[in-house]
>>> print(open('upload_4.cif').read())   # mmCIF, C-alpha atoms; chains and numbers go by the auth columns
data_data
loop_
_atom_site.group_PDB
_atom_site.id
_atom_site.type_symbol
_atom_site.label_atom_id
_atom_site.label_comp_id
_atom_site.label_asym_id
_atom_site.label_seq_id
_atom_site.Cartn_x
_atom_site.Cartn_y
_atom_site.Cartn_z
_atom_site.B_iso_or_equiv
_atom_site.auth_seq_id
_atom_site.auth_asym_id
ATOM 1 C CA MET A 1 -13.371 -7.760 -3.501 0.00 1 A
ATOM 2 C CA GLN A 2 -9.769 -9.002 -3.343 0.00 2 A
ATOM 3 C CA ASN A 3 -8.827 -7.456 -6.676 0.00 3 A
ATOM 4 C CA LYS A 4 -10.659 -4.245 -5.775 0.00 4 A
ATOM 5 C CA ILE A 5 -8.541 -3.746 -2.668 0.00 5 A
ATOM 6 C CA LEU A 6 -5.275 -4.468 -4.462 0.00 6 A
ATOM 7 C CA ALA A 7 -6.210 -2.200 -7.348 0.00 7 A
ATOM 8 C CA MET A 8 -6.910 0.502 -4.779 0.00 8 A
ATOM 9 C CA VAL A 9 -3.583 -0.120 -3.078 0.00 9 A
ATOM 10 C CA ALA A 10 -1.715 -0.206 -6.392 0.00 10 A
ATOM 11 C CA VAL A 11 -2.856 3.276 -7.279 0.00 11 A
ATOM 12 C CA THR A 12 -2.009 4.875 -3.990 0.00 12 A
ATOM 13 C CA MET A 13 1.465 4.157 -2.691 0.00 13 A
ATOM 14 C CA LEU A 14 3.400 7.153 -1.455 0.00 14 A
ATOM 15 C CA VAL A 15 6.388 7.986 0.679 0.00 15 A
ATOM 16 C CA GLY A 16 6.868 9.611 4.043 0.00 16 A
ATOM 17 C CA LEU A 17 10.208 11.338 3.843 0.00 17 A
ATOM 18 C CA SER A 18 10.944 14.636 5.539 0.00 18 A
ATOM 19 C CA ALA A 19 10.672 16.366 2.165 0.00 19 A
ATOM 20 C CA GLN A 20 7.450 14.440 1.367 0.00 20 A
ATOM 21 C CA ALA A 21 8.903 13.407 -1.997 0.00 21 A
ATOM 22 C CA VAL A 22 7.336 10.594 -3.967 0.00 22 A
ATOM 23 C CA LEU A 23 8.940 7.165 -3.636 0.00 23 A
ATOM 24 C CA GLN A 24 9.927 5.861 -7.048 0.00 24 A
ATOM 25 C CA HIS A 25 8.416 2.425 -7.571 0.00 25 A
ATOM 26 C CA THR A 26 6.911 0.194 -10.220 0.00 26 A
ATOM 27 C CA VAL A 27 3.760 -1.803 -9.460 0.00 27 A
ATOM 28 C CA SER A 28 3.227 -5.124 -11.206 0.00 28 A
ATOM 29 C CA SER A 29 0.533 -4.802 -13.844 0.00 29 A
ATOM 30 C CA SER A 30 -1.165 -7.982 -12.687 0.00 30 A
ATOM 31 C CA VAL A 31 -2.871 -8.580 -9.366 0.00 31 A
ATOM 32 C CA SER A 32 -2.171 -12.115 -8.244 0.00 32 A
ATOM 33 C CA PRO A 33 -1.109 -14.030 -5.153 0.00 33 A
ATOM 34 C CA ASN A 34 2.561 -14.507 -4.424 0.00 34 A
ATOM 35 C CA PRO A 35 3.462 -18.067 -5.577 0.00 35 A
ATOM 36 C CA SER A 36 4.573 -18.904 -2.029 0.00 36 A
ATOM 37 C CA GLN A 37 1.208 -17.855 -0.548 0.00 37 A
ATOM 38 C CA THR A 38 -0.800 -20.855 0.612 0.00 38 A
ATOM 39 C CA GLU A 39 -3.527 -19.672 2.969 0.00 39 A
ATOM 40 C CA GLY A 40 -6.132 -17.115 3.944 0.00 40 A
ATOM 41 C CA ARG A 41 -7.758 -14.219 2.157 0.00 41 A
ATOM 42 C CA THR A 42 -4.577 -12.181 2.116 0.00 42 A
ATOM 43 C CA ARG A 43 -3.550 -11.135 -1.397 0.00 43 A
ATOM 44 C CA GLN A 44 -0.223 -9.742 -2.521 0.00 44 A
ATOM 45 C CA LEU A 45 0.923 -7.276 -5.164 0.00 45 A
ATOM 46 C CA SER A 46 4.467 -7.092 -6.565 0.00 46 A
ATOM 47 C CA VAL A 47 6.296 -3.758 -6.210 0.00 47 A
ATOM 48 C CA ARG A 48 9.790 -2.905 -7.471 0.00 48 A
ATOM 49 C CA ILE A 49 11.375 -0.043 -5.505 0.00 49 A
ATOM 50 C CA ASN A 50 13.277 2.089 -8.022 0.00 50 A
ATOM 51 C CA GLY A 51 14.489 4.700 -5.538 0.00 51 A
ATOM 52 C CA GLY A 52 14.763 4.046 -1.796 0.00 52 A
ATOM 53 C CA GLY A 53 12.649 5.564 0.941 0.00 53 A
ATOM 54 C CA SER A 54 9.672 4.903 3.197 0.00 54 A
ATOM 55 C CA LEU A 55 6.647 3.291 1.572 0.00 55 A
ATOM 56 C CA TRP A 56 3.125 4.234 2.689 0.00 56 A
ATOM 57 C CA MET A 57 -0.259 3.373 1.167 0.00 57 A
ATOM 58 C CA ALA A 58 -3.717 4.935 1.226 0.00 58 A
ATOM 59 C CA SER A 59 -7.020 4.793 -0.623 0.00 59 A
ATOM 60 C CA PRO A 60 -7.031 6.376 -4.078 0.00 60 A
ATOM 61 C CA VAL A 61 -8.796 9.621 -4.880 0.00 61 A
ATOM 62 C CA MET A 62 -11.858 8.585 -6.878 0.00 62 A
ATOM 63 C CA ASP A 63 -13.550 11.989 -6.588 0.00 63 A
ATOM 64 C CA TRP A 64 -12.721 15.227 -4.811 0.00 64 A
ATOM 65 C CA ALA A 65 -15.564 15.025 -2.272 0.00 65 A
ATOM 66 C CA ALA A 66 -14.039 12.432 0.068 0.00 66 A
ATOM 67 C CA VAL A 67 -11.514 9.606 0.195 0.00 67 A
ATOM 68 C CA PRO A 68 -12.475 6.570 2.255 0.00 68 A
ATOM 69 C CA ASP A 69 -10.011 5.309 4.838 0.00 69 A
ATOM 70 C CA LEU A 70 -8.261 2.191 3.515 0.00 70 A
ATOM 71 C CA GLY A 71 -8.850 0.758 6.997 0.00 71 A
ATOM 72 C CA SER A 72 -12.578 0.521 6.243 0.00 72 A
ATOM 73 C CA THR A 73 -12.006 -2.226 3.645 0.00 73 A
ATOM 74 C CA ALA A 74 -8.758 -3.862 4.798 0.00 74 A
ATOM 75 C CA ARG A 75 -7.226 -4.800 8.142 0.00 75 A
ATOM 76 C CA MET A 76 -4.811 -1.901 8.458 0.00 76 A
ATOM 77 C CA THR A 77 -3.805 -2.442 12.071 0.00 77 A
ATOM 78 C CA ALA A 78 -0.427 -3.636 13.328 0.00 78 A
ATOM 79 C CA ASN A 79 0.454 -7.171 12.215 0.00 79 A
ATOM 80 C CA ASN A 80 -2.379 -7.376 9.635 0.00 80 A
ATOM 81 C CA TYR A 81 -0.578 -5.889 6.626 0.00 81 A
ATOM 82 C CA GLY A 82 2.997 -5.520 5.440 0.00 82 A
ATOM 83 C CA TRP A 83 5.329 -6.991 2.848 0.00 83 A
ATOM 84 C CA THR A 84 7.287 -10.073 1.915 0.00 84 A
ATOM 85 C CA GLU A 85 10.168 -10.999 -0.322 0.00 85 A
ATOM 86 C CA MET A 86 9.974 -14.048 -2.569 0.00 86 A
ATOM 87 C CA ASN A 87 11.023 -16.245 0.371 0.00 87 A
ATOM 88 C CA GLY A 88 7.427 -15.983 1.649 0.00 88 A
ATOM 89 C CA GLU A 89 8.250 -14.653 5.132 0.00 89 A
ATOM 90 C CA ILE A 90 5.859 -11.798 5.939 0.00 90 A
ATOM 91 C CA TYR A 91 7.268 -8.661 7.581 0.00 91 A
ATOM 92 C CA TYR A 92 4.261 -7.119 9.270 0.00 92 A
ATOM 93 C CA SER A 93 3.973 -3.366 9.575 0.00 93 A
ATOM 94 C CA ASN A 94 3.573 -1.670 12.926 0.00 94 A
ATOM 95 C CA GLY A 95 0.278 0.108 12.143 0.00 95 A
ATOM 96 C CA GLU A 96 1.830 3.594 12.044 0.00 96 A
ATOM 97 C CA THR A 97 -0.344 6.124 10.239 0.00 97 A
ATOM 98 C CA MET A 98 -0.198 9.703 9.060 0.00 98 A
ATOM 99 C CA GLU A 99 -2.711 12.010 7.448 0.00 99 A
ATOM 100 C CA VAL A 100 -1.994 12.832 3.807 0.00 100 A
ATOM 101 C CA THR A 101 -3.599 15.416 1.558 0.00 101 A
ATOM 102 C CA PHE A 102 -4.017 14.914 -2.175 0.00 102 A
ATOM 103 C CA THR A 103 -4.379 18.012 -4.365 0.00 103 A
ATOM 104 C CA ASN A 104 -5.990 18.032 -7.794 0.00 104 A
ATOM 105 C CA SER A 105 -3.225 18.918 -10.272 0.00 105 A
ATOM 106 C CA LYS A 106 -5.832 20.311 -12.685 0.00 106 A
ATOM 107 C CA ASN A 107 -7.569 22.383 -10.006 0.00 107 A
ATOM 108 C CA PRO A 108 -5.269 23.162 -7.036 0.00 108 A
ATOM 109 C CA ALA A 109 -8.257 24.517 -5.081 0.00 109 A
ATOM 110 C CA GLN A 110 -9.525 20.927 -4.740 0.00 110 A
ATOM 111 C CA SER A 111 -7.930 18.693 -2.146 0.00 111 A
ATOM 112 C CA VAL A 112 -8.901 15.790 0.114 0.00 112 A
ATOM 113 C CA SER A 113 -7.227 14.143 3.086 0.00 113 A
ATOM 114 C CA THR A 114 -7.108 10.541 4.238 0.00 114 A
ATOM 115 C CA THR A 115 -5.029 8.187 6.364 0.00 115 A
ATOM 116 C CA ALA A 116 -1.849 6.632 4.951 0.00 116 A
ATOM 117 C CA TYR A 117 -0.421 3.424 6.422 0.00 117 A
ATOM 118 C CA TYR A 118 3.303 2.762 6.856 0.00 118 A
ATOM 119 C CA ILE A 119 4.671 -0.280 5.018 0.00 119 A
ATOM 120 C CA GLY A 120 8.415 -0.005 5.631 0.00 120 A
ATOM 121 C CA ASP A 121 11.730 1.503 4.539 0.00 121 A
ATOM 122 C CA PHE A 122 13.311 0.152 1.372 0.00 122 A
ATOM 123 C CA GLU A 123 16.497 0.436 -0.657 0.00 123 A
ATOM 124 C CA ALA A 124 16.652 1.087 -4.390 0.00 124 A
ATOM 125 C CA ASN A 125 16.101 -1.988 -6.600 0.00 125 A
ATOM 126 C CA GLU A 126 14.328 -4.058 -3.950 0.00 126 A
ATOM 127 C CA GLU A 127 11.355 -6.108 -5.092 0.00 127 A
ATOM 128 C CA ILE A 128 8.662 -6.811 -2.521 0.00 128 A
ATOM 129 C CA TRP A 129 5.115 -8.133 -2.402 0.00 129 A
ATOM 130 C CA LEU A 130 2.554 -6.041 -0.540 0.00 130 A
ATOM 131 C CA VAL A 131 0.397 -8.045 1.852 0.00 131 A
ATOM 132 C CA VAL A 132 -3.089 -6.761 2.728 0.00 132 A
ATOM 133 C CA ASP A 133 -5.592 -8.779 4.757 0.00 133 A
ATOM 134 C CA GLU A 134 -9.078 -7.744 3.689 0.00 134 A
ATOM 135 C CA TYR A 135 -12.259 -7.983 5.741 0.00 135 A
ATOM 136 C CA ASP A 136 -14.532 -10.910 4.953 0.00 136 A
#
>>> encode(input="upload_4.cif", output="structure tokens")
Amino acid sequence: MQNKILAMVAVTMLVGLSAQAVLQHTVSSSVSPNPSQTEGRTRQLSVRINGGGSLWMASPVMDWAAVPDLGSTARMTANNYGWTEMNGEIYYSNGETMEVTFTNSKNPAQSVSTTAYYIGDFEANEEIWLVVDEYD
């Protein structure tokens, strides 16, 4: 379950800028806990921010019928998800959400909407670890 949630998160990060441009980032190819993590069911995923902006995450599009809300599998309320630097201090997100629509690039007539969750604003070349607390 833990790897499933992080794999889902890894596929689906996006940005909430006024132009709705995509945040440039690189996700670590491995899903593993941050070395400083010592407790709980929270798992973390390394992300390098290549170009600055606001980072949001949502469930991936697995088919064009519906996209489940990430909040149905992870605790996506204020102070239950966020990010950390290598120092281990967690910076919890405020729970802000927005609706996002994904459009099929191969068939623009197909689109689905879901909720995206705000992570934070980042500068270019920052490296962070996403923190997501999943349901038991």
>>> closest_residue(input="upload_4.cif", among="A:Ser111, A:Asn94, A:Asn125, A:Ser72", to="Trp56 of chain A", atoms="all atoms listed in the file")
A:Asn94
>>> residues_around(input="upload_4.cif", residues="segment 77-91 of chain A", least_positions_apart="5", cutoff="7 Å", atoms="all atoms listed in the file", output="JSON, numbers by chain")
{"A": [36, 37, 119, 127, 128, 129, 130, 131, 132, 133]}
>>> atom_distance(input="upload_4.cif", atom1="atom CA of Val112 of chain A", atom2="atom CA of Leu45 of chain A")
25.6 Å
>>> atom_distance(input="upload_4.cif", atom1="atom CA of Glu96 of chain A", atom2="atom CA of Ala74 of chain A")
14.8 Å
>>> closest_residue(input="upload_4.cif", among="A:Gly95, A:Ala124, A:Gly53, A:Gln110", to="Gly71 of chain A", atoms="only C-alpha atoms")
A:Gly95
>>> atom_distance(input="upload_4.cif", atom1="atom CA of Pro60 of chain A", atom2="atom CA of Glu99 of chain A")
13.5 Å
>>> closest_residue(input="upload_4.cif", among="A:Met76, A:Ala109, A:Glu123, A:Asn104", to="Met57 of chain A", atoms="all atoms listed in the file")
A:Met76
>>> closest_residue(input="upload_4.cif", among="A:Thr115, A:Asn107, A:Ser93, A:Thr73", to="Ser54 of chain A", atoms="all atoms listed in the file")
A:Ser93
>>> resolve_selection(input="upload_4.cif", expression="the PyMOL selection byres ((chain A and resi 98) around 9)", output="PyMOL selection string")
chain A and resi 16+96-97+99-100+114-118
>>> closest_residue(input="upload_4.cif", among="A:Phe122, A:Ser105, A:Glu134, A:Ile49", to="Leu70 of chain A", atoms="all atoms listed in the file")
A:Glu134
>>> closest_residue(input="upload_4.cif", among="A:Val61, A:Arg48, A:Asp121, A:Asp69", to="Phe102 of chain A", atoms="only C-alpha atoms")
A:Val61
>>> decode(input="upload_4.cif", residues="segment 114-136 of chain A", atoms="N, CA, C and O atoms", output="compact mmCIF listing (two decimals), in the first residue's frame")
# COMPACT_ATOMS: atom_id res chain seq x y z
N THR A 114 -10.12 15.99 -11.14
CA THR A 114 -9.91 15.49 -9.79
C THR A 114 -9.39 16.63 -8.92
O THR A 114 -9.14 17.73 -9.40
N THR A 115 -9.19 16.35 -7.65
CA THR A 115 -8.67 17.34 -6.72
C THR A 115 -7.15 17.27 -6.66
O THR A 115 -6.58 16.19 -6.57
N ALA A 116 -6.50 18.42 -6.71
CA ALA A 116 -5.05 18.53 -6.52
C ALA A 116 -4.81 19.19 -5.17
O ALA A 116 -5.57 20.04 -4.72
N TYR A 117 -3.73 18.76 -4.51
CA TYR A 117 -3.40 19.23 -3.17
C TYR A 117 -2.10 20.01 -3.19
O TYR A 117 -1.10 19.55 -3.73
N TYR A 118 -2.14 21.20 -2.58
CA TYR A 118 -0.99 22.10 -2.55
C TYR A 118 0.11 21.56 -1.64
O TYR A 118 -0.14 21.16 -0.51
N ILE A 119 1.34 21.53 -2.15
CA ILE A 119 2.50 21.12 -1.37
C ILE A 119 3.25 22.34 -0.86
O ILE A 119 3.54 22.47 0.31
N GLY A 120 3.60 23.25 -1.77
CA GLY A 120 4.35 24.44 -1.38
C GLY A 120 4.95 25.12 -2.59
O GLY A 120 4.81 24.66 -3.72
N ASP A 121 5.62 26.24 -2.34
CA ASP A 121 6.31 27.00 -3.39
C ASP A 121 7.80 26.74 -3.25
O ASP A 121 8.34 26.76 -2.14
N PHE A 122 8.45 26.51 -4.40
CA PHE A 122 9.86 26.12 -4.37
C PHE A 122 10.67 26.88 -5.40
O PHE A 122 10.15 27.31 -6.42
N GLU A 123 11.95 27.02 -5.10
CA GLU A 123 12.91 27.65 -6.00
C GLU A 123 13.57 26.59 -6.86
O GLU A 123 13.61 25.41 -6.50
N ALA A 124 14.15 27.01 -7.97
CA ALA A 124 14.89 26.09 -8.83
C ALA A 124 16.04 25.46 -8.05
O ALA A 124 16.64 26.09 -7.18
N ASN A 125 16.31 24.20 -8.35
CA ASN A 125 17.41 23.41 -7.78
C ASN A 125 17.22 23.00 -6.33
O ASN A 125 18.15 22.50 -5.71
N GLU A 126 16.03 23.17 -5.77
CA GLU A 126 15.77 22.64 -4.43
C GLU A 126 15.54 21.14 -4.52
O GLU A 126 15.00 20.64 -5.51
N GLU A 127 15.95 20.42 -3.50
CA GLU A 127 15.62 19.00 -3.40
C GLU A 127 14.81 18.81 -2.13
O GLU A 127 15.22 19.25 -1.05
N ILE A 128 13.66 18.19 -2.27
CA ILE A 128 12.77 17.97 -1.13
C ILE A 128 12.36 16.51 -1.10
O ILE A 128 12.58 15.77 -2.05
N TRP A 129 11.76 16.12 0.00
CA TRP A 129 11.14 14.80 0.14
C TRP A 129 9.66 15.03 0.37
O TRP A 129 9.28 15.77 1.27
N LEU A 130 8.81 14.44 -0.46
CA LEU A 130 7.37 14.52 -0.23
C LEU A 130 7.02 13.64 0.95
O LEU A 130 7.58 12.56 1.12
N VAL A 131 6.08 14.09 1.76
CA VAL A 131 5.62 13.35 2.92
C VAL A 131 4.12 13.14 2.77
O VAL A 131 3.37 14.10 2.67
N VAL A 132 3.68 11.88 2.76
CA VAL A 132 2.26 11.56 2.62
C VAL A 132 1.91 10.52 3.69
O VAL A 132 2.52 9.46 3.73
N ASP A 133 0.95 10.83 4.53
CA ASP A 133 0.52 9.92 5.58
C ASP A 133 -0.68 9.13 5.05
O ASP A 133 -1.75 9.69 4.85
N GLU A 134 -0.49 7.84 4.82
CA GLU A 134 -1.56 7.04 4.26
C GLU A 134 -2.49 6.53 5.35
O GLU A 134 -2.13 6.46 6.51
N TYR A 135 -3.71 6.17 4.94
CA TYR A 135 -4.65 5.53 5.87
C TYR A 135 -4.19 4.13 6.18
O TYR A 135 -3.60 3.45 5.35
N ASP A 136 -4.47 3.68 7.38
CA ASP A 136 -4.13 2.30 7.77
C ASP A 136 -5.01 1.30 7.04
O ASP A 136 -6.08 1.54 6.66
